[in-house]
Structures are given as structure tokens and as C-alpha cells.
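protein01.txt (compact mmCIF, C-alpha atoms and all ligand atoms)
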```
# COMPACT_ATOMS: atom_id res chain seq x y z
CA MET U 1 -7.33 -23.86 -3.75
CA SER U 2 -10.34 -23.48 -1.46
CA GLY U 3 -13.27 -21.12 -2.08
CA ALA U 4 -11.81 -17.88 -3.42
CA GLU U 5 -13.85 -14.67 -3.24
CA THR U 6 -13.88 -12.25 -6.15
CA ILE U 7 -14.34 -8.51 -5.83
CA SER U 8 -14.88 -6.51 -9.01
CA LEU U 9 -13.37 -3.08 -9.39
CA ALA U 10 -15.71 -1.26 -11.77
CA LEU U 11 -13.80 1.15 -14.01
CA GLY U 12 -15.43 0.72 -17.42
CA ALA U 13 -12.89 -0.64 -19.92
CA ARG U 14 -10.27 -0.76 -17.16
CA SER U 15 -12.38 -2.92 -14.80
CA TYR U 16 -10.75 -5.95 -13.20
CA ASP U 17 -11.21 -8.67 -10.61
CA ILE U 18 -9.48 -8.93 -7.26
CA VAL U 19 -9.46 -12.60 -6.27
CA VAL U 20 -8.80 -13.40 -2.59
CA GLY U 21 -8.19 -16.91 -1.28
CA SER U 22 -5.63 -19.40 -0.06
CA GLY U 23 -3.68 -21.42 -2.64
CA LEU U 24 -4.08 -18.96 -5.51
CA LEU U 25 -0.39 -19.17 -6.43
CA GLU U 26 -0.89 -22.78 -7.58
CA ASP U 27 -3.79 -21.58 -9.69
CA ALA U 28 -2.10 -18.47 -11.11
CA GLY U 29 -1.03 -20.07 -14.41
CA ALA U 30 -4.56 -20.98 -15.47
CA ARG U 31 -5.95 -17.58 -14.46
CA ILE U 32 -3.17 -15.74 -16.30
CA ALA U 33 -3.47 -17.98 -19.39
CA ALA U 34 -7.18 -17.11 -19.49
CA LEU U 35 -6.28 -13.44 -20.01
CA GLY U 36 -4.85 -14.47 -23.41
CA HIS U 37 -1.58 -12.55 -23.83
CA HIS U 38 1.24 -13.01 -26.32
CA PRO U 39 4.46 -14.50 -24.98
CA PRO U 40 6.53 -13.77 -23.07
CA VAL U 41 4.91 -13.43 -19.67
CA ILE U 42 7.57 -11.81 -17.47
CA VAL U 43 7.29 -12.44 -13.74
CA VAL U 44 9.12 -9.88 -11.59
CA THR U 45 9.84 -10.53 -7.94
CA ASP U 46 12.45 -9.84 -5.26
CA GLU U 47 15.13 -12.19 -3.90
CA THR U 48 13.24 -12.98 -0.69
CA VAL U 49 9.95 -13.79 -2.41
CA ALA U 50 11.78 -15.66 -5.20
CA ALA U 51 13.29 -18.06 -2.67
CA LEU U 52 9.88 -18.75 -1.13
CA HIS U 53 7.26 -18.57 -3.87
CA LEU U 54 8.65 -18.08 -7.39
CA ASN U 55 8.87 -21.81 -8.20
CA THR U 56 5.19 -22.27 -7.42
CA VAL U 57 4.17 -19.48 -9.79
CA MET U 58 6.56 -20.52 -12.58
CA GLY U 59 5.44 -24.15 -12.22
CA SER U 60 1.82 -23.12 -12.42
CA LEU U 61 2.47 -21.03 -15.56
CA GLU U 62 4.36 -23.90 -17.17
CA ALA U 63 1.55 -26.31 -16.36
CA ALA U 64 -0.88 -23.91 -18.05
CA GLY U 65 1.32 -23.83 -21.18
CA VAL U 66 2.41 -20.20 -20.69
CA ASP U 67 5.87 -19.17 -21.96
CA ALA U 68 7.19 -17.33 -18.91
CA ARG U 69 10.51 -16.00 -17.63
CA SER U 70 11.46 -14.27 -14.41
CA ILE U 71 13.40 -11.25 -13.17
CA VAL U 72 14.58 -11.08 -9.56
CA LEU U 73 15.38 -7.71 -7.93
CA PRO U 74 17.04 -6.93 -4.58
CA PRO U 75 14.37 -6.65 -1.86
CA GLY U 76 13.26 -3.51 -0.04
CA GLU U 77 12.37 0.15 -0.43
CA THR U 78 15.94 1.07 -1.49
CA THR U 79 15.32 -0.67 -4.84
CA LYS U 80 12.31 1.57 -5.57
CA ASN U 81 14.24 4.44 -7.15
CA PHE U 82 15.50 5.55 -10.58
CA ALA U 83 18.48 3.15 -10.46
CA GLY U 84 16.30 0.18 -9.53
CA PHE U 85 13.74 1.14 -12.15
CA GLU U 86 16.39 1.37 -14.88
CA MET U 87 17.66 -2.08 -13.90
CA LEU U 88 14.10 -3.45 -14.08
CA VAL U 89 13.20 -1.84 -17.42
CA ASP U 90 16.44 -3.02 -19.05
CA ALA U 91 15.86 -6.57 -17.83
CA ILE U 92 12.29 -6.53 -19.15
CA LEU U 93 13.39 -5.15 -22.54
CA ASP U 94 16.06 -7.88 -22.72
CA GLY U 95 13.12 -10.32 -22.80
CA ARG U 96 11.82 -8.62 -26.02
CA PRO U 97 8.26 -7.97 -24.87
CA GLU U 98 5.57 -6.98 -27.35
CA ARG U 99 2.62 -4.64 -26.74
CA ARG U 100 0.48 -7.69 -25.98
CA SER U 101 2.96 -9.27 -23.57
CA LEU U 102 2.20 -9.35 -19.86
CA LEU U 103 4.15 -8.45 -16.72
CA VAL U 104 3.41 -10.13 -13.40
CA ALA U 105 4.32 -8.39 -10.12
CA LEU U 106 4.96 -11.12 -7.53
CA GLY U 107 5.84 -9.44 -4.23
CA GLY U 108 5.08 -6.63 -1.84
CA GLY U 109 4.26 -3.02 -2.56
CA VAL U 110 7.78 -2.24 -3.76
CA ILE U 111 7.61 -4.81 -6.57
CA GLY U 112 3.97 -3.95 -7.34
CA ASP U 113 4.62 -0.21 -7.61
CA MET U 114 7.75 -0.64 -9.75
CA VAL U 115 6.30 -3.27 -12.08
CA GLY U 116 3.11 -1.26 -12.48
CA PHE U 117 5.14 1.80 -13.47
CA ALA U 118 7.23 -0.30 -15.88
CA ALA U 119 4.00 -1.66 -17.41
CA ALA U 120 2.66 1.89 -17.77
CA THR U 121 5.74 3.09 -19.62
CA ILE U 122 7.34 0.18 -21.53
CA LEU U 123 6.19 0.29 -25.20
CA ARG U 124 3.83 3.08 -23.97
CA GLY U 125 1.83 0.59 -21.94
CA ILE U 126 1.56 -3.18 -21.60
CA ASP U 127 -0.72 -5.19 -19.32
CA PHE U 128 0.24 -6.40 -15.87
CA VAL U 129 -1.10 -8.64 -13.14
CA GLN U 130 -0.58 -8.10 -9.42
CA ILE U 131 0.18 -11.09 -7.18
CA PRO U 132 0.69 -9.30 -3.84
CA THR U 133 2.57 -11.29 -1.19
CA THR U 134 2.55 -8.92 1.81
CA LEU U 135 -0.55 -8.02 3.81
CA LEU U 136 0.06 -4.37 2.93
CA ALA U 137 0.14 -5.13 -0.78
CA GLN U 138 -2.94 -7.38 -0.57
CA VAL U 139 -5.10 -4.80 1.20
CA ASP U 140 -3.78 -1.63 -0.39
CA SER U 141 -1.00 -1.23 -2.93
CA SER U 142 -2.02 -3.93 -5.44
CA VAL U 143 -5.50 -2.43 -5.85
CA GLY U 144 -6.26 0.90 -7.46
CA GLY U 145 -3.50 1.49 -10.01
CA LYS U 146 -1.13 3.82 -8.21
CA THR U 147 2.34 2.96 -9.50
CA GLY U 148 5.69 4.67 -9.19
CA ILE U 149 9.06 5.14 -7.55
CA ASN U 150 10.67 7.33 -4.89
CA THR U 151 13.05 10.19 -5.70
CA ARG U 152 15.46 12.12 -3.51
CA HIS U 153 12.68 14.71 -3.19
CA GLY U 154 10.27 12.28 -1.59
CA LYS U 155 8.19 9.17 -1.82
CA ASN U 156 6.29 8.04 -4.93
CA LEU U 157 6.85 11.41 -6.61
CA VAL U 158 7.30 9.88 -10.08
CA GLY U 159 4.65 7.46 -11.30
CA ALA U 160 1.38 6.90 -13.09
CA PHE U 161 -2.18 5.81 -12.49
CA TYR U 162 -2.19 2.49 -14.35
CA GLN U 163 -4.58 -0.33 -13.49
CA PRO U 164 -3.64 -4.03 -13.45
CA ARG U 165 -5.68 -6.58 -15.45
CA LEU U 166 -6.11 -8.86 -12.43
CA VAL U 167 -5.14 -9.06 -8.75
CA LEU U 168 -4.55 -12.46 -7.13
CA ALA U 169 -4.25 -12.12 -3.35
CA ASP U 170 -3.20 -15.52 -1.98
CA THR U 171 -3.65 -15.23 1.79
CA GLY U 172 -1.70 -18.50 2.20
CA VAL U 173 1.57 -16.70 1.37
CA LEU U 174 1.17 -14.53 4.46
CA ASP U 175 2.38 -17.60 6.43
CA THR U 176 5.96 -16.83 5.37
CA LEU U 177 5.76 -13.09 6.04
CA PRO U 178 7.79 -11.87 9.06
CA ARG U 179 5.57 -10.67 11.90
CA ARG U 180 6.83 -7.09 11.67
CA GLU U 181 5.78 -6.92 8.00
CA LEU U 182 2.38 -8.46 8.79
CA LEU U 183 1.85 -5.85 11.50
CA ALA U 184 2.84 -3.03 9.15
CA GLY U 185 0.19 -4.23 6.69
CA TYR U 186 -2.34 -4.37 9.50
CA ALA U 187 -2.10 -0.59 9.87
CA GLU U 188 -3.63 -0.25 6.39
CA VAL U 189 -6.37 -2.74 7.35
CA ALA U 190 -7.27 -0.70 10.46
CA LYS U 191 -7.25 2.40 8.26
CA TYR U 192 -10.41 1.24 6.42
CA GLY U 193 -12.28 0.95 9.72
CA LEU U 194 -11.06 4.33 10.89
CA ILE U 195 -11.99 6.05 7.61
CA ASN U 196 -15.64 5.06 7.21
CA ASP U 197 -16.43 1.59 8.59
CA PRO U 198 -16.88 1.72 12.38
CA ASP U 199 -18.39 -1.80 12.42
CA PHE U 200 -15.24 -3.17 10.79
CA PHE U 201 -13.15 -1.31 13.37
CA THR U 202 -15.22 -2.91 16.15
CA TRP U 203 -14.64 -6.32 14.51
CA LEU U 204 -10.92 -5.58 14.40
CA GLU U 205 -10.91 -4.68 18.09
CA ALA U 206 -12.23 -8.21 18.73
CA HIS U 207 -10.28 -10.10 16.05
CA GLY U 208 -7.23 -7.96 15.13
CA ALA U 209 -5.04 -10.15 17.35
CA ASP U 210 -6.09 -13.16 15.24
CA VAL U 211 -5.20 -11.31 12.04
CA VAL U 212 -1.70 -10.41 13.24
CA ALA U 213 -1.25 -13.96 14.56
CA GLY U 214 -1.87 -15.14 10.97
CA ASP U 215 -5.18 -16.93 11.59
CA ALA U 216 -6.36 -17.96 8.10
CA ASP U 217 -10.05 -17.02 8.44
CA ALA U 218 -9.33 -13.71 10.15
CA CYS U 219 -6.71 -12.76 7.53
CA ARG U 220 -9.05 -13.64 4.73
CA ARG U 221 -11.91 -11.57 6.17
CA ALA U 222 -9.54 -8.64 6.75
CA VAL U 223 -8.22 -8.80 3.17
CA VAL U 224 -11.67 -9.20 1.58
CA THR U 225 -13.21 -6.34 3.60
CA SER U 226 -10.24 -4.07 2.89
CA CYS U 227 -10.19 -4.80 -0.85
CA ARG U 228 -13.93 -4.23 -1.08
CA ALA U 229 -13.54 -0.88 0.69
CA LYS U 230 -10.67 0.17 -1.53
CA ALA U 231 -12.42 -0.98 -4.72
CA ASP U 232 -15.48 1.12 -3.82
CA VAL U 233 -13.42 4.24 -3.27
CA VAL U 234 -11.28 3.80 -6.41
CA ALA U 235 -14.33 3.07 -8.58
CA GLY U 236 -15.73 6.44 -7.54
CA ASP U 237 -12.53 8.47 -7.84
CA GLU U 238 -9.80 6.70 -9.81
CA ARG U 239 -7.42 9.66 -10.07
CA GLU U 240 -7.87 11.08 -6.59
CA THR U 241 -9.70 14.26 -7.42
CA GLY U 242 -11.90 13.83 -4.34
CA ALA U 243 -12.82 11.03 -1.96
CA ARG U 244 -9.83 8.78 -2.77
CA ALA U 245 -7.73 11.17 -0.70
CA LEU U 246 -9.42 9.68 2.38
CA LEU U 247 -7.25 6.58 1.81
CA ASN U 248 -4.33 8.78 2.80
CA LEU U 249 -5.40 8.85 6.45
CA GLY U 250 -2.15 8.91 8.42
CA HIS U 251 -0.03 9.41 5.31
CA THR U 252 0.78 13.14 5.57
CA PHE U 253 2.45 12.54 8.94
CA GLY U 254 3.61 9.06 7.89
CA HIS U 255 5.39 10.07 4.70
CA ALA U 256 7.20 12.88 6.55
CA LEU U 257 8.41 10.39 9.18
CA GLU U 258 9.50 7.94 6.48
CA ALA U 259 11.42 10.68 4.68
CA GLU U 260 13.18 11.72 7.91
CA THR U 261 14.15 8.10 8.67
CA GLY U 262 15.49 7.72 5.11
CA PHE U 263 12.84 5.16 3.93
CA GLY U 264 14.94 2.57 5.76
CA PRO U 265 14.46 -0.28 8.22
CA ASP U 266 14.02 2.10 11.19
CA LEU U 267 10.43 2.66 10.09
CA LEU U 268 8.35 0.57 7.69
CA HIS U 269 5.66 2.29 5.61
CA GLY U 270 2.80 0.67 7.56
CA GLU U 271 4.42 1.59 10.88
CA ALA U 272 4.65 5.19 9.71
CA VAL U 273 0.97 5.07 8.74
CA ALA U 274 0.04 3.75 12.21
CA ILE U 275 1.86 6.62 13.93
CA GLY U 276 0.42 9.04 11.36
CA MET U 277 -3.16 7.89 11.98
CA VAL U 278 -2.73 8.40 15.74
CA MET U 279 -1.38 11.88 15.04
CA ALA U 280 -4.26 12.69 12.68
CA PHE U 281 -6.77 11.71 15.37
CA GLU U 282 -4.83 13.67 18.00
CA LEU U 283 -4.78 16.74 15.73
CA SER U 284 -8.53 16.35 15.23
CA VAL U 285 -9.01 16.35 19.02
CA ARG U 286 -6.80 19.43 19.47
CA LEU U 287 -8.83 21.26 16.82
CA GLY U 288 -12.02 20.44 18.72
CA LEU U 289 -13.31 18.20 15.93
CA CYS U 290 -13.12 14.72 17.47
CA PRO U 291 -14.02 13.28 20.89
CA ALA U 292 -10.82 12.48 22.83
CA GLU U 293 -12.20 8.99 23.58
CA ASP U 294 -12.29 8.11 19.85
CA ALA U 295 -8.66 9.14 19.41
CA ALA U 296 -7.76 7.12 22.51
CA ARG U 297 -9.64 4.12 21.10
CA ALA U 298 -7.72 4.29 17.81
CA ARG U 299 -4.38 4.54 19.64
CA ARG U 300 -5.32 1.75 22.09
CA HIS U 301 -6.17 -0.69 19.33
CA LEU U 302 -3.07 -0.05 17.24
CA ALA U 303 -0.89 -0.36 20.34
CA ALA U 304 -2.71 -3.53 21.44
CA VAL U 305 -1.82 -5.37 18.22
CA GLY U 306 1.81 -4.24 18.60
CA LEU U 307 2.09 -1.26 16.22
CA PRO U 308 4.03 1.88 17.14
CA THR U 309 1.75 4.82 17.99
CA GLY U 310 4.39 7.46 18.77
CA MET U 311 7.96 8.40 18.01
CA GLU U 312 9.48 6.33 20.86
CA ARG U 313 11.40 3.91 18.63
CA LEU U 314 12.64 6.52 16.15
CA PRO U 315 16.14 8.00 16.15
CA ALA U 316 16.06 11.51 17.71
CA SER U 317 17.46 12.90 14.44
CA ALA U 318 14.21 11.93 12.70
CA THR U 319 11.80 13.71 15.02
CA ASP U 320 12.55 17.39 14.40
CA PRO U 321 9.11 19.08 14.05
CA ALA U 322 10.25 21.81 11.61
CA ALA U 323 11.94 19.25 9.34
CA LEU U 324 8.83 17.05 9.39
CA VAL U 325 6.58 19.96 8.45
CA ALA U 326 9.01 20.91 5.67
CA HIS U 327 8.60 17.39 4.23
CA MET U 328 4.84 17.80 4.28
CA HIS U 329 5.20 20.71 1.86
CA GLN U 330 6.76 18.35 -0.70
CA ASP U 331 3.94 15.85 -0.51
CA LYS U 332 1.92 15.04 -3.67
CA LYS U 333 -1.16 16.07 -1.73
CA VAL U 334 -0.16 19.73 -1.48
CA GLN U 335 -2.82 21.84 -3.23
CA ASP U 336 -2.55 25.60 -3.83
CA GLY U 337 0.44 25.52 -1.49
CA LYS U 338 -1.66 24.01 1.32
CA VAL U 339 -0.84 20.68 2.92
CA THR U 340 -3.76 18.23 2.84
CA PHE U 341 -4.62 16.37 6.05
CA ILE U 342 -7.15 13.62 6.56
CA LEU U 343 -8.78 14.31 9.93
CA ALA U 344 -11.64 12.59 11.75
CA ARG U 345 -14.79 13.52 13.63
CA GLY U 346 -14.66 10.08 15.25
CA ILE U 347 -14.01 6.41 14.46
CA GLY U 348 -15.20 5.87 10.88
CA LYS U 349 -15.75 9.58 10.26
CA ALA U 350 -12.68 10.74 8.32
CA PHE U 351 -12.73 13.84 6.15
CA ILE U 352 -10.38 15.92 3.99
CA ALA U 353 -9.01 19.14 5.54
CA ARG U 354 -6.97 21.73 3.65
CA ASP U 355 -6.94 24.78 5.91
CA ILE U 356 -4.95 23.51 8.83
CA ASP U 357 -2.72 25.88 10.78
CA LEU U 358 0.74 24.31 10.48
CA ALA U 359 1.76 25.89 13.80
CA GLU U 360 -0.81 23.54 15.38
CA VAL U 361 0.78 20.60 13.54
CA GLU U 362 4.27 21.62 14.61
CA ALA U 363 3.13 21.94 18.24
CA LEU U 364 1.67 18.42 18.10
CA LEU U 365 4.92 17.06 16.66
CA GLN U 366 6.88 18.92 19.35
CA ASP U 367 4.80 17.25 22.08
CA ALA U 368 5.13 13.85 20.38
CA ALA U 369 8.91 14.23 20.18
CA ALA U 370 9.10 15.31 23.82
CA ALA U 371 7.05 12.27 24.90
CA ALA U 372 9.37 9.90 22.98
P1 LIG L 1 7.99 -4.62 0.40
O1 LIG L 1 7.52 -4.83 -0.97
O2 LIG L 1 9.35 -4.05 0.59
O3 LIG L 1 7.90 -6.01 1.18
C1 LIG L 1 8.35 -6.05 2.51
C2 LIG L 1 9.38 -7.18 2.71
O4 LIG L 1 8.67 -8.41 2.78
C3 LIG L 1 10.40 -7.33 1.60
O5 LIG L 1 11.65 -7.59 2.17
C4 LIG L 1 9.92 -8.55 0.83
O6 LIG L 1 10.99 -9.25 0.23
C5 LIG L 1 9.29 -9.37 1.92
N1 LIG L 1 8.21 -10.26 1.49
C6 LIG L 1 7.21 -9.99 0.63
N2 LIG L 1 6.33 -11.00 0.61
C7 LIG L 1 6.78 -11.93 1.47
C8 LIG L 1 6.31 -13.20 1.88
N3 LIG L 1 5.12 -13.68 1.47
N4 LIG L 1 7.05 -13.89 2.78
C9 LIG L 1 8.23 -13.40 3.24
N5 LIG L 1 8.72 -12.20 2.91
C10 LIG L 1 8.00 -11.48 2.02
O7 LIG L 1 7.01 -3.67 1.24
P2 LIG L 1 5.42 -3.57 1.40
O8 LIG L 1 5.21 -3.23 2.81
O9 LIG L 1 4.71 -4.72 0.81
O10 LIG L 1 5.08 -2.31 0.50
C11 LIG L 1 5.56 -1.02 0.81
C12 LIG L 1 5.56 -0.21 -0.46
O11 LIG L 1 4.23 -0.11 -0.95
C13 LIG L 1 6.04 1.21 -0.25
O12 LIG L 1 6.94 1.53 -1.25
C14 LIG L 1 4.78 2.05 -0.38
O13 LIG L 1 5.03 3.34 -0.88
C15 LIG L 1 3.98 1.23 -1.35
N6 LIG L 1 2.55 1.48 -1.29
C16 LIG L 1 1.91 1.71 -2.44
C17 LIG L 1 0.54 1.92 -2.45
C18 LIG L 1 -0.19 2.10 -3.75
O14 LIG L 1 -1.38 2.42 -3.72
N7 LIG L 1 0.45 1.86 -4.87
C19 LIG L 1 -0.17 1.87 -1.24
C20 LIG L 1 0.52 1.61 -0.07
C21 LIG L 1 1.89 1.42 -0.10
N1 LIG L 2 -2.88 4.03 -0.91
C1 LIG L 2 -3.73 5.12 -1.22
C2 LIG L 2 -4.41 4.99 -2.54
O1 LIG L 2 -4.28 4.00 -3.22
O2 LIG L 2 -5.08 5.89 -2.93
```

Can the structure in the file be given as C-alpha cells, please?
Ligand code: NAD
Ligand code: GLY
Amino acid sequence: MSGAETISLALGARSYDIVVGSGLLEDAGARIAALGHHPPVIVVTDETVAALHLNTVMGSLEAAGVDARSIVLPPGETTKNFAGFEMLVDAILDGRPERRSLLVALGGGVIGDMVGFAAATILRGIDFVQIPTTLLAQVDSSVGGKTGINTRHGKNLVGAFYQPRLVLADTGVLDTLPRRELLAGYAEVAKYGLINDPDFFTWLEAHGADVVAGDADACRRAVVTSCRAKADVVAGDERETGARALLNLGHTFGHALEAETGFGPDLLHGEAVAIGMVMAFELSVRLGLCPAEDAARARRHLAAVGLPTGMERLPASATDPAALVAHMHQDKKVQDGKVTFILARGIGKAFIARDIDLAEVEALLQDAAAAA
């Protein structure tokens, strides 16, 4: 393993390290052993990741003298529901964990969110470690302690804030990630630049193509910068009573689009976020809050790396403006009956807006659907 970087997320007794580097999977056993848990350590992953990376992690745990077993779930968002959660919890309980046992989430955001929620609830709370294997999970979902599952009412509506003990982001595993998944994760990387780091966005305009091509140095810098940004925000607002909501840039539109496409392969979460961020900037322009050139710049960059920026590739059945606005009303971010939007006064100047006229939103969606 070569030169890992460690970012500390400062949350008092719940503080933890996020380690970023290539080759961390080989090193995972020693780092997990150092946490000092009672056996068993239960590694949860999905079938795709198991075929590629589970042996490395299990071998590393064995070499470190850790008594570990594994659980392998079907891959994809359709596992992240009550039925999938029941299957996971039963399998974990079959392994007879104790309060001082440890779960390890080896996979993308689906595995991380489900295992985190299982850790929060099994025996009223046991520790867990995140080993994120998608770009999206490395830069976003593995950090910050949001865990949960989807319900028929919407995404992530059942869950808990529950922090991991350690995050190991091995950028080497991104080599096996399909390009479409890497791109989807890139949307969350660009998000940090668009929220409050215009210099990072400028860097991405120059080097984003290297990141999505899987260049090791570019990926590492993107992951480190993103994790640092997220750690700063979460340290200041763990339970999203204020500034953490900024991390939802693009998500009010994005979650509605995901719900309308059935959380399926038509639209990945990161793709929905990319479209949602373009819409948030466009709404900001229409409300006279943001220069049109900044919105154009955001759209141009996301399109240049190959992300969707409009509804062109979506089935027509998923683009109905009234249905999309109805989904927004079921979002976790609704407050006093008002839908929360993250808008922007420019690149790197995002802010929270709660008094938005939904007729304006519906008109924007109407235009976007007509252009598709
Ligand atoms: P995912 O977990 O479904 O992974 C995407 C696909 O990539 C899966 O098929 C998986 O098997 C495969 N995969 C994973 N790692 C791989 C690798 N190294 N090589 C080859 N294939 C690999 O999806 P995701 O995009 O990682 O995460 C999306 C989920 O994350 C959503 O459910 C979303 O709600 C959640 N999320 C949570 C937070 C949070 O703060 N908790 C933030 C953002 C997103
Ligand atoms: N992904 C948004 C958050 O963690 O707050």
C-alpha cells in the first residue's frame, strides 16, 4: 500500500478516520484488528463485489488473526428495502454477534447504507467499518453516518444517523468499477465544487476527464478533497439541522426523478444528482439569483465528462412535472410543509431555500420535459 492520506472527522466520542489510498484492501485486516473487537467480524458485500474483492479482504483479516465470516447480498438498489434488510439482519444474527462484534460494509452505497442501519439497530447498536468500493460511496455515502433503506413511499425514508468507526477508501478498487458507475460517483465529486469550493471546480474542469478515465492520481485527489469537504460539513452539523443540507444540492430534483424511474437501471443515483444540480442552477437563474453563465458552466462541465444534464435519456412516463413535484412533497427535507431546495448564487455559492414557488419549479420541469 502506497502513502495513504488520513482525514479525521471530528465528532467527539464518535470521531473517526477516513483513510484514502491505493491498496488499502490488503491492509484492511491489520487496521480492523487494531480497533480491538470481539469475534466475529462479519463482512457484508454484494455478489459483484464479492467476486472481485472479497477474497482480498478475508485473506487480509485472516492474516491479521481476525475471526471473520462473510454475507453476500444481491447487488443493486432493489436490495435496499425492507425485504433485503430482513434478509441481512437474519444472516447477521445467524452469526451470533455480540455487542462488541463488528460489521464491515464492503461495497457501494447500497451495502454501506444497509449495513450501517443494521449496525445501528442490531443489539441496539454495534460498531461498523465502511470499505466503500464505488466512487460515489468513497466520496459521499461512506462518510457522515447517514444509514437506511428505501420504502414504497420514497428513498431512504427509514434509517438512522449512525457513524462508522473507520472508513477505508481504497482508490485501487475503482479500476474494476464500470465506467457508468464511476461517472455517477463523479456527480457527487463535482457537487463539492459547486457547493462552496470554486477552486476545486476549476481543477475539475481541467482534470475531471482524468478522474472519469480512472487516472490514479486524479482519482485520489478527487476522493481526498471530497472527503475533506464532507468531513468538515458533517463535523459542524452531524444531524442536518443546518449547513449539512447543502450536501443535498441536486437531490430534491434528483430523488423525484429516481422515484419516477422506479430506482432502477434507467437512472443511477449519481446521474439523477447530475440532472438535479443542473436544474437547481437553472432554477436559480430563473429566480434572478444566479448569473446564467455560471449555470451554463456547471451544465457544460457535467456534460463534458459524459453525465446526463437533462431528461433526454429518461422514459417519457418518468418526466411528468406534476408527478415529480408530488414526489418532492414526500422528501425527508420537507419542513413545515415546504419543500427544501439547494440553490446557488454562482459556482461555489450554494444556499438553502425554503420559500420557492412550486409553480416555478413545475414550469422548469415542463420546459425540461419538452426539450427531452
Ligand atoms: P451500489 O452500491 O448499488 O453500487 C453500484 C454497482 O457497482 C453495484 O452493482 C455494485 O455491485 C457495483 N460495484 C461496487 N463496487 C464495485 C467495484 N469496485 N467494481 C465493480 N463493481 C462494483 O450504488 P452506489 O452508487 O455506490 O450507491 C448508491 C446508493 O448510495 C443509493 O442507495 C443512495 O441512496 C446511497 N447514498 C447514500 C448516501 C449517504 O450519505 N448515506 C449518500 C449518497 C448516496
Ligand atoms: N449525502 C448527503 C449527506 O450525507 O448529508

Among listed residues U:Met279, U:Ala245, U:Ala28, U:Leu11, nearest ligand LIG 2 (chain L) (using all atoms listed in the file):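 Counting all atoms listed in the file, the residue closest to ligand LIG 2 (chain L) is U:Ala245.
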
Please give me, as an NGL selection string, the residues lying within 7 Å of ligand LIG 1 (chain L) when counting all atoms listed in the file. :U and (46-49 or 52 or 75-77 or 80 or 107-111 or 113 or 133-137 or 140-147 or 155-156 or 173-178 or 181 or 184-185 or 268-270)

Which value, in Å to one decimal, gives the distance between CA of Val72 (chain U) and CA of Thr45 (chain U)?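 Rounded to one decimal, the two atoms are 5.0 Å apart.
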
Which one is closest to ligand LIG 2 (chain L): U:Asn248, U:Gln130, U:Ser317, U:Asn55? Count only C-alpha atoms and all ligand atoms.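 Closest candidate: U:Asn248.
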
Which residues come within 6 Å of Ala120 (chain U), counting all atoms listed in the file, excluding same-chain residues fewer than 3 positions away, as JSON, numbers by chain? {"U": [117, 125, 162]}

Could those selected residues go to a file with C-alpha atoms, as a PDB file, in the coordinates of the input?
```pdb
ATOM      1  CA  PHE U 117       5.140   1.800 -13.470  1.00  0.00           C
ATOM      2  CA  GLY U 125       1.830   0.590 -21.940  1.00  0.00           C
ATOM      3  CA  TYR U 162      -2.190   2.490 -14.350  1.00  0.00           C
TER       4      TYR U 162
END
```

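Taking only C-alpha atoms into account, the protein, DNA and RNA residues within 6 Å of (3.8, 9.2, 14.8) read Ile275, Gly276, Met279, Thr309, Gly310 and Met311 of chain U.
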
Set the distance at 10 Å and use only C-alpha atoms: which residues neighbour Ile356 (chain U) once local chain neighbours fewer than 4 positions away are removed? I'd like the list as a PyMOL selection string. chain U and resi 283+287+338-341+360-361
